[in-house]
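Shown below: entry.tsv, with TSV, N, CA and C atoms.
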```tsv
chain	number	residue	atom	x	y	z
K	1	MET	N	0.21	10.68	38.71
K	1	MET	CA	-1.10	10.13	38.42
K	1	MET	C	-0.92	9.04	37.36
K	2	THR	N	-1.56	7.92	37.59
K	2	THR	CA	-1.46	6.83	36.63
K	2	THR	C	-2.40	7.09	35.46
K	3	ALA	N	-2.11	6.43	34.35
K	3	ALA	CA	-2.92	6.63	33.15
K	3	ALA	C	-4.33	6.10	33.36
K	4	THR	N	-4.46	4.97	34.03
K	4	THR	CA	-5.78	4.40	34.27
K	4	THR	C	-6.64	5.33	35.11
K	5	ARG	N	-6.04	5.89	36.13
K	5	ARG	CA	-6.79	6.82	36.98
K	5	ARG	C	-7.19	8.07	36.19
K	6	ALA	N	-6.30	8.55	35.33
K	6	ALA	CA	-6.62	9.72	34.51
K	6	ALA	C	-7.79	9.43	33.58
K	7	TRP	N	-7.80	8.24	32.96
K	7	TRP	CA	-8.91	7.87	32.08
K	7	TRP	C	-10.23	7.81	32.85
K	8	ILE	N	-10.21	7.21	34.02
K	8	ILE	CA	-11.44	7.06	34.80
K	8	ILE	C	-11.97	8.41	35.25
K	9	ILE	N	-11.08	9.24	35.81
K	9	ILE	CA	-11.52	10.56	36.29
K	9	ILE	C	-12.03	11.40	35.14
K	10	TYR	N	-11.31	11.40	34.03
K	10	TYR	CA	-11.71	12.20	32.87
K	10	TYR	C	-13.07	11.75	32.34
K	11	THR	N	-13.24	10.45	32.19
K	11	THR	CA	-14.49	9.93	31.63
K	11	THR	C	-15.68	10.22	32.55
K	12	LEU	N	-15.51	9.95	33.83
K	12	LEU	CA	-16.62	10.18	34.76
K	12	LEU	C	-16.95	11.66	34.89
K	13	THR	N	-15.94	12.51	34.89
K	13	THR	CA	-16.19	13.95	35.00
K	13	THR	C	-16.90	14.46	33.75
K	14	ARG	N	-16.46	14.00	32.57
K	14	ARG	CA	-17.12	14.44	31.34
K	14	ARG	C	-18.57	13.96	31.29
K	15	LEU	N	-18.79	12.71	31.66
K	15	LEU	CA	-20.17	12.20	31.65
K	15	LEU	C	-21.05	12.94	32.67
K	16	GLY	N	-20.51	13.13	33.87
K	16	GLY	CA	-21.28	13.84	34.89
K	16	GLY	C	-21.57	15.28	34.50
K	17	SER	N	-20.58	15.94	33.91
K	17	SER	CA	-20.79	17.34	33.52
K	17	SER	C	-21.70	17.47	32.31
K	18	PHE	N	-21.98	16.38	31.63
K	18	PHE	CA	-22.98	16.40	30.57
K	18	PHE	C	-24.36	16.04	31.10
K	19	VAL	N	-24.43	15.02	31.92
K	19	VAL	CA	-25.72	14.49	32.39
K	19	VAL	C	-26.42	15.47	33.32
K	20	VAL	N	-25.68	16.11	34.21
K	20	VAL	CA	-26.33	17.00	35.19
K	20	VAL	C	-27.04	18.17	34.50
K	21	PRO	N	-26.42	18.93	33.59
K	21	PRO	CA	-27.18	20.00	32.91
K	21	PRO	C	-28.31	19.46	32.03
K	22	PHE	N	-28.09	18.30	31.41
K	22	PHE	CA	-29.13	17.72	30.57
K	22	PHE	C	-30.38	17.40	31.39
K	23	VAL	N	-30.18	16.74	32.51
K	23	VAL	CA	-31.32	16.39	33.37
K	23	VAL	C	-31.97	17.65	33.93
K	24	ALA	N	-31.16	18.65	34.29
K	24	ALA	CA	-31.72	19.90	34.82
K	24	ALA	C	-32.63	20.57	33.78
K	25	ILE	N	-32.20	20.62	32.55
K	25	ILE	CA	-33.03	21.22	31.49
K	25	ILE	C	-34.29	20.39	31.27
K	26	MET	N	-34.16	19.08	31.31
K	26	MET	CA	-35.34	18.22	31.11
K	26	MET	C	-36.35	18.42	32.24
K	27	LEU	N	-35.88	18.69	33.47
K	27	LEU	CA	-36.79	18.91	34.59
K	27	LEU	C	-37.36	20.32	34.61
K	28	ILE	N	-36.57	21.29	34.16
K	28	ILE	CA	-37.04	22.68	34.16
K	28	ILE	C	-38.08	22.91	33.07
K	29	LEU	N	-37.87	22.30	31.91
K	29	LEU	CA	-38.78	22.51	30.78
K	29	LEU	C	-39.45	21.19	30.36
K	30	PRO	N	-40.28	20.59	31.21
K	30	PRO	CA	-40.82	19.26	30.87
K	30	PRO	C	-41.86	19.27	29.75
K	31	ASP	N	-42.57	20.37	29.57
K	31	ASP	CA	-43.65	20.41	28.58
K	31	ASP	C	-43.21	20.92	27.22
K	32	TRP	N	-42.03	21.48	27.15
K	32	TRP	CA	-41.57	22.05	25.88
K	32	TRP	C	-41.11	20.93	24.95
K	33	GLN	N	-41.46	21.04	23.67
K	33	GLN	CA	-41.17	19.99	22.71
K	33	GLN	C	-39.67	19.82	22.45
K	34	TRP	N	-38.91	20.88	22.51
K	34	TRP	CA	-37.49	20.85	22.14
K	34	TRP	C	-36.57	20.83	23.36
K	35	ASN	N	-37.08	20.41	24.52
K	35	ASN	CA	-36.25	20.43	25.73
K	35	ASN	C	-35.06	19.49	25.62
K	36	TRP	N	-35.19	18.38	24.92
K	36	TRP	CA	-34.07	17.44	24.77
K	36	TRP	C	-32.94	18.05	23.95
K	37	LEU	N	-33.29	18.84	22.93
K	37	LEU	CA	-32.26	19.46	22.09
K	37	LEU	C	-31.49	20.53	22.86
K	38	VAL	N	-32.22	21.34	23.63
K	38	VAL	CA	-31.57	22.35	24.46
K	38	VAL	C	-30.73	21.68	25.54
K	39	GLY	N	-31.22	20.59	26.11
K	39	GLY	CA	-30.46	19.86	27.11
K	39	GLY	C	-29.16	19.29	26.56
K	40	ILE	N	-29.22	18.77	25.35
K	40	ILE	CA	-28.00	18.24	24.72
K	40	ILE	C	-27.00	19.37	24.46
K	41	ALA	N	-27.48	20.48	23.94
K	41	ALA	CA	-26.58	21.59	23.64
K	41	ALA	C	-25.95	22.16	24.91
K	42	VAL	N	-26.75	22.37	25.93
K	42	VAL	CA	-26.22	22.92	27.19
K	42	VAL	C	-25.26	21.92	27.83
K	43	GLY	N	-25.62	20.65	27.83
K	43	GLY	CA	-24.74	19.63	28.40
K	43	GLY	C	-23.41	19.54	27.67
K	44	ALA	N	-23.43	19.63	26.34
K	44	ALA	CA	-22.20	19.57	25.57
K	44	ALA	C	-21.30	20.78	25.84
K	45	VAL	N	-21.90	21.95	25.91
K	45	VAL	CA	-21.10	23.16	26.18
K	45	VAL	C	-20.50	23.11	27.58
K	46	VAL	N	-21.28	22.73	28.57
K	46	VAL	CA	-20.78	22.66	29.94
K	46	VAL	C	-19.69	21.60	30.05
K	47	SER	N	-19.91	20.45	29.45
K	47	SER	CA	-18.93	19.37	29.51
K	47	SER	C	-17.61	19.77	28.84
K	48	ALA	N	-17.70	20.38	27.68
K	48	ALA	CA	-16.48	20.82	26.98
K	48	ALA	C	-15.75	21.91	27.77
K	49	SER	N	-16.51	22.81	28.36
K	49	SER	CA	-15.89	23.89	29.15
K	49	SER	C	-15.17	23.34	30.37
K	50	ILE	N	-15.80	22.45	31.09
K	50	ILE	CA	-15.16	21.86	32.28
K	50	ILE	C	-13.93	21.07	31.87
K	51	SER	N	-14.01	20.37	30.75
K	51	SER	CA	-12.87	19.61	30.28
K	51	SER	C	-11.69	20.53	29.96
K	52	GLN	N	-11.94	21.63	29.30
K	52	GLN	CA	-10.87	22.55	28.93
K	52	GLN	C	-10.28	23.26	30.14
K	53	ILE	N	-11.10	23.59	31.10
K	53	ILE	CA	-10.63	24.37	32.24
K	53	ILE	C	-9.97	23.49	33.31
K	54	PHE	N	-10.61	22.39	33.68
K	54	PHE	CA	-10.16	21.63	34.83
K	54	PHE	C	-9.45	20.31	34.53
K	55	LEU	N	-9.56	19.78	33.35
K	55	LEU	CA	-9.05	18.44	33.09
K	55	LEU	C	-7.84	18.42	32.14
K	56	SER	N	-7.08	19.49	32.07
K	56	SER	CA	-5.95	19.53	31.14
K	56	SER	C	-4.85	18.53	31.53
K	57	LYS	N	-4.60	18.35	32.81
K	57	LYS	CA	-3.58	17.39	33.25
K	57	LYS	C	-3.99	15.96	32.88
K	58	HIS	N	-5.26	15.66	33.06
K	58	HIS	CA	-5.75	14.32	32.73
K	58	HIS	C	-5.63	14.07	31.23
K	59	ARG	N	-5.98	15.07	30.42
K	59	ARG	CA	-5.86	14.92	28.97
K	59	ARG	C	-4.41	14.73	28.56
K	60	ALA	N	-3.49	15.42	29.22
K	60	ALA	CA	-2.07	15.28	28.89
K	60	ALA	C	-1.57	13.87	29.21
K	61	VAL	N	-1.97	13.33	30.35
K	61	VAL	CA	-1.56	11.97	30.73
K	61	VAL	C	-2.13	10.96	29.73
K	62	MET	N	-3.39	11.14	29.35
K	62	MET	CA	-4.01	10.23	28.40
K	62	MET	C	-3.34	10.33	27.03
K	63	ALA	N	-2.98	11.53	26.60
K	63	ALA	CA	-2.31	11.69	25.31
K	63	ALA	C	-0.93	11.04	25.32
K	64	GLU	N	-0.21	11.14	26.43
K	64	GLU	CA	1.09	10.48	26.53
K	64	GLU	C	0.93	8.97	26.44
K	65	GLN	N	-0.08	8.44	27.08
K	65	GLN	CA	-0.30	6.99	27.03
K	65	GLN	C	-0.64	6.55	25.60
K	66	ILE	N	-1.47	7.29	24.92
K	66	ILE	CA	-1.81	6.95	23.54
K	66	ILE	C	-0.59	7.02	22.65
K	67	ALA	N	0.23	8.06	22.82
K	67	ALA	CA	1.45	8.19	22.02
K	67	ALA	C	2.43	7.05	22.30
K	68	ALA	N	2.53	6.63	23.54
K	68	ALA	CA	3.42	5.52	23.89
K	68	ALA	C	2.95	4.22	23.26
K	69	ARG	N	1.66	3.99	23.26
K	69	ARG	CA	1.13	2.77	22.64
K	69	ARG	C	1.35	2.77	21.14
K	70	ARG	N	1.20	3.92	20.52
K	70	ARG	CA	1.41	3.98	19.07
K	70	ARG	C	2.87	3.82	18.72
K	71	ALA	N	3.78	4.21	19.62
K	71	ALA	CA	5.20	4.12	19.35
K	71	ALA	C	5.75	2.70	19.52
K	72	GLU	N	5.00	1.83	20.18
K	72	GLU	CA	5.48	0.48	20.44
K	72	GLU	C	5.68	-0.33	19.16
K	73	LYS	N	4.89	-0.10	18.15
K	73	LYS	CA	5.01	-0.79	16.86
K	73	LYS	C	4.92	-2.31	16.99
K	74	VAL	N	4.06	-2.81	17.81
K	74	VAL	CA	3.87	-4.24	17.97
K	74	VAL	C	2.94	-4.72	16.86
K	75	ASP	N	3.35	-5.79	16.19
K	75	ASP	CA	2.56	-6.33	15.10
K	75	ASP	C	1.60	-7.37	15.67
K	76	HIS	N	0.31	-7.06	15.65
K	76	HIS	CA	-0.70	-7.95	16.23
K	76	HIS	C	-1.39	-8.80	15.17
K	77	ARG	N	-0.82	-8.85	13.97
K	77	ARG	CA	-1.45	-9.63	12.92
K	77	ARG	C	-1.13	-11.12	13.09
K	78	ALA	N	-1.97	-11.94	12.49
K	78	ALA	CA	-1.75	-13.38	12.50
K	78	ALA	C	-0.59	-13.71	11.55
K	79	PRO	N	0.12	-14.80	11.78
K	79	PRO	CA	1.25	-15.15	10.90
K	79	PRO	C	0.85	-15.31	9.44
K	80	ILE	N	-0.33	-15.81	9.18
K	80	ILE	CA	-0.76	-15.97	7.79
K	80	ILE	C	-0.94	-14.62	7.12
K	81	ASP	N	-1.39	-13.62	7.88
K	81	ASP	CA	-1.55	-12.28	7.32
K	81	ASP	C	-0.19	-11.66	7.00
K	82	ILE	N	0.78	-11.88	7.86
K	82	ILE	CA	2.13	-11.36	7.61
K	82	ILE	C	2.71	-12.00	6.35
K	83	GLU	N	2.53	-13.33	6.22
K	83	GLU	CA	3.03	-14.03	5.05
K	83	GLU	C	2.33	-13.54	3.77
K	84	GLU	N	1.03	-13.34	3.85
K	84	GLU	CA	0.29	-12.86	2.70
K	84	GLU	C	0.75	-11.47	2.28
K	85	ASP	N	0.97	-10.59	3.24
K	85	ASP	CA	1.45	-9.25	2.92
K	85	ASP	C	2.83	-9.30	2.27
K	86	ALA	N	3.70	-10.19	2.74
K	86	ALA	CA	5.03	-10.33	2.14
K	86	ALA	C	4.93	-10.80	0.70
K	87	LEU	N	4.05	-11.77	0.44
K	87	LEU	CA	3.86	-12.25	-0.93
K	87	LEU	C	3.31	-11.16	-1.84
K	88	LEU	N	2.37	-10.39	-1.34
K	88	LEU	CA	1.83	-9.30	-2.13
K	88	LEU	C	2.89	-8.24	-2.42
K	89	ASP	N	3.73	-7.94	-1.45
K	89	ASP	CA	4.80	-6.98	-1.66
K	89	ASP	C	5.78	-7.48	-2.72
K	90	GLU	N	6.12	-8.79	-2.69
K	90	GLU	CA	7.00	-9.36	-3.70
K	90	GLU	C	6.37	-9.28	-5.08
K	91	TYR	N	5.08	-9.59	-5.18
K	91	TYR	CA	4.38	-9.54	-6.45
K	91	TYR	C	4.37	-8.12	-7.01
K	92	GLU	N	4.06	-7.14	-6.17
K	92	GLU	CA	4.03	-5.75	-6.63
K	92	GLU	C	5.41	-5.29	-7.06
K	93	ALA	N	6.45	-5.72	-6.35
K	93	ALA	CA	7.81	-5.35	-6.74
K	93	ALA	C	8.17	-5.96	-8.09
K	94	ALA	N	7.76	-7.22	-8.31
K	94	ALA	CA	8.04	-7.87	-9.59
K	94	ALA	C	7.29	-7.18	-10.72
K	95	GLN	N	6.06	-6.77	-10.47
K	95	GLN	CA	5.28	-6.06	-11.49
K	95	GLN	C	5.92	-4.72	-11.82
K	96	ALA	N	6.38	-4.02	-10.81
K	96	ALA	CA	7.02	-2.72	-11.03
K	96	ALA	C	8.33	-2.90	-11.80
K	97	GLU	N	9.07	-3.96	-11.49
K	97	GLU	CA	10.34	-4.21	-12.18
K	97	GLU	C	10.10	-4.58	-13.64
K	98	SER	N	9.09	-5.40	-13.91
K	98	SER	CA	8.81	-5.78	-15.30
K	98	SER	C	8.28	-4.59	-16.09
K	99	ALA	N	7.55	-3.71	-15.45
K	99	ALA	CA	7.07	-2.51	-16.14
K	99	ALA	C	8.23	-1.57	-16.43
K	100	ALA	N	9.22	-1.55	-15.57
K	100	ALA	CA	10.37	-0.67	-15.77
K	100	ALA	C	11.28	-1.20	-16.88
K	101	THR	N	11.35	-2.52	-17.07
K	101	THR	CA	12.23	-3.09	-18.09
K	101	THR	C	11.57	-3.21	-19.45
K	102	THR	N	10.26	-3.15	-19.53
K	102	THR	CA	9.56	-3.21	-20.81
K	102	THR	C	9.69	-1.87	-21.51
K	103	PRO	N	10.13	-1.89	-22.79
K	103	PRO	CA	10.28	-0.60	-23.48
K	103	PRO	C	8.91	0.02	-23.74
K	104	PRO	N	8.81	1.31	-23.67
K	104	PRO	CA	7.53	1.97	-23.90
K	104	PRO	C	7.13	1.84	-25.37
K	105	ALA	N	5.85	1.77	-25.63
K	105	ALA	CA	5.33	1.67	-26.99
K	105	ALA	C	5.48	3.00	-27.69
K	106	THR	N	5.62	2.94	-29.00
K	106	THR	CA	5.71	4.18	-29.77
K	106	THR	C	4.34	4.83	-29.81
K	107	ALA	N	4.29	6.04	-30.24
K	107	ALA	CA	3.03	6.77	-30.28
K	107	ALA	C	2.05	6.12	-31.24
K	108	ASP	N	2.53	5.61	-32.37
K	108	ASP	CA	1.64	4.97	-33.33
K	108	ASP	C	1.07	3.68	-32.78
K	109	GLU	N	1.89	2.89	-32.08
K	109	GLU	CA	1.41	1.63	-31.52
K	109	GLU	C	0.43	1.88	-30.38
K	110	ALA	N	0.66	2.91	-29.60
K	110	ALA	CA	-0.23	3.21	-28.48
K	110	ALA	C	-1.56	3.75	-28.96
K	111	ALA	N	-1.57	4.46	-30.11
K	111	ALA	CA	-2.80	5.06	-30.60
K	111	ALA	C	-3.74	4.03	-31.19
K	112	ALA	N	-3.22	3.04	-31.90
K	112	ALA	CA	-4.08	2.07	-32.57
K	112	ALA	C	-3.52	0.67	-32.35
K	113	PRO	N	-3.71	0.06	-31.20
K	113	PRO	CA	-3.12	-1.25	-30.95
K	113	PRO	C	-3.81	-2.41	-31.67
K	114	ASN	N	-5.12	-2.35	-31.89
K	114	ASN	CA	-5.84	-3.49	-32.45
K	114	ASN	C	-6.71	-3.09	-33.66
K	115	GLU	N	-6.26	-2.16	-34.43
K	115	GLU	CA	-7.06	-1.75	-35.58
K	115	GLU	C	-6.86	-2.75	-36.71
K	116	SER	N	-7.95	-3.06	-37.38
K	116	SER	CA	-7.86	-3.92	-38.56
K	116	SER	C	-8.34	-3.10	-39.75
K	117	PRO	N	-7.84	-3.44	-40.91
K	117	PRO	CA	-8.29	-2.66	-42.08
K	117	PRO	C	-9.78	-2.85	-42.34
K	118	ALA	N	-10.40	-1.84	-42.82
K	118	ALA	CA	-11.85	-1.88	-43.10
K	118	ALA	C	-12.10	-2.75	-44.32
K	119	THR	N	-13.17	-3.53	-44.26
K	119	THR	CA	-13.58	-4.34	-45.41
K	119	THR	C	-14.88	-3.80	-45.95
K	120	ASP	N	-15.30	-4.36	-47.04
K	120	ASP	CA	-16.54	-3.91	-47.65
K	120	ASP	C	-17.76	-4.23	-46.76
K	121	ASN	N	-17.66	-5.30	-45.98
K	121	ASN	CA	-18.78	-5.70	-45.11
K	121	ASN	C	-18.94	-4.77	-43.93
K	122	ASP	N	-17.85	-4.06	-43.53
K	122	ASP	CA	-17.91	-3.16	-42.38
K	122	ASP	C	-18.62	-1.86	-42.71
K	123	ARG	N	-18.71	-1.55	-43.99
K	123	ARG	CA	-19.30	-0.27	-44.36
K	123	ARG	C	-20.75	-0.31	-44.48
```
Re-express the file's structure as C-alpha cells.
Amino acid sequence: MTATRAWIIYTLTRLGSFVVPFVAIMLILPDWQWNWLVGIAVGAVVSASISQIFLSKHRAVMAEQIAARRAEKVDHRAPIDIEEDALLDEYEAAQAESAATTPPATADEAAAPNESPATDNDR
C-alpha cells in the first residue's frame, strides 16, 4: 500500500466514522438543546474506536512516511538565514570563550561593584 493511499483511506474513514454518528444523533434528537454535544462525543468515540480496530496498518504506513521525512534532514531555509545562524553561532562561541578567559571577580568586588562612600549630603 502506498503512503498516499494510506493517508486518503485513513482520513476519509475517520471523517466518515465521525460524521455518520454525529448526523444520526442530530436527527434522532432534533429538539434537545445538547444534541450537538452528544453527537460530538459519540462521533469521537466511534471514530477513535474504528481507527484503533481497523486502521492500524494505515497508521503504520503513515508513521513510517513521517519518520522517513524527518530522517531526510533537508535544510529548507533561505541562504541568508543559514548565514545569519552561522554568524550568531560564531558570536555566541566568542562570548563563551571570552567569559571563560575572564578571571572571576572576588567576593568583595562582586558584592559591592559601584559603591561610593557616603557624604554628608546623602544622609
So what do you get for atom N of Gly39 (chain K) versus atom N of Ser51 (chain K), distance-wise?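 Here the two named atoms are 17.8 Å from each other.
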Run DSSP on the backbone and grab whatever in chain K lands in helix (DSSP H, G or I); send it over as a PyMOL selection string. chain K and resi 3-28+35-54+56-71+79-101+107-111+120-122
Can you tell me how far atom C of Ile50 (chain K) sits from CA of Ala6 (chain K), in Å to one decimal?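 So the answer is 13.8 Å.
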In Å, rounded to a single decimal, give me how far CA of Arg14 (chain K) is from CA of Leu55 (chain K).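 Value for the CA of Leu55 (chain K)-CA of Arg14 (chain K) distance: 9.2 Å.
Minimum distance to Phe22 (chain K) across K:Ile8, K:Thr102, K:Ala3, K:Ser47 (counting only C-alpha atoms) occurs at K:Ser47.
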Env of region 59-64 of chain K: 10 Å cut, atoms = only C-alpha atoms, seq-sep filter 4 positions within chain, self excluded. Answer as an MDAnalysis selection string. chainID K and resid 1:7 10 51:52 54:55 68:70
Residues at most 7 Å from Phe18 (chain K), counting only C-alpha atoms, excluding those fewer than 6 positions away in the same chain, as an MDAnalysis selection string? chainID K and resid 43:44 46:47
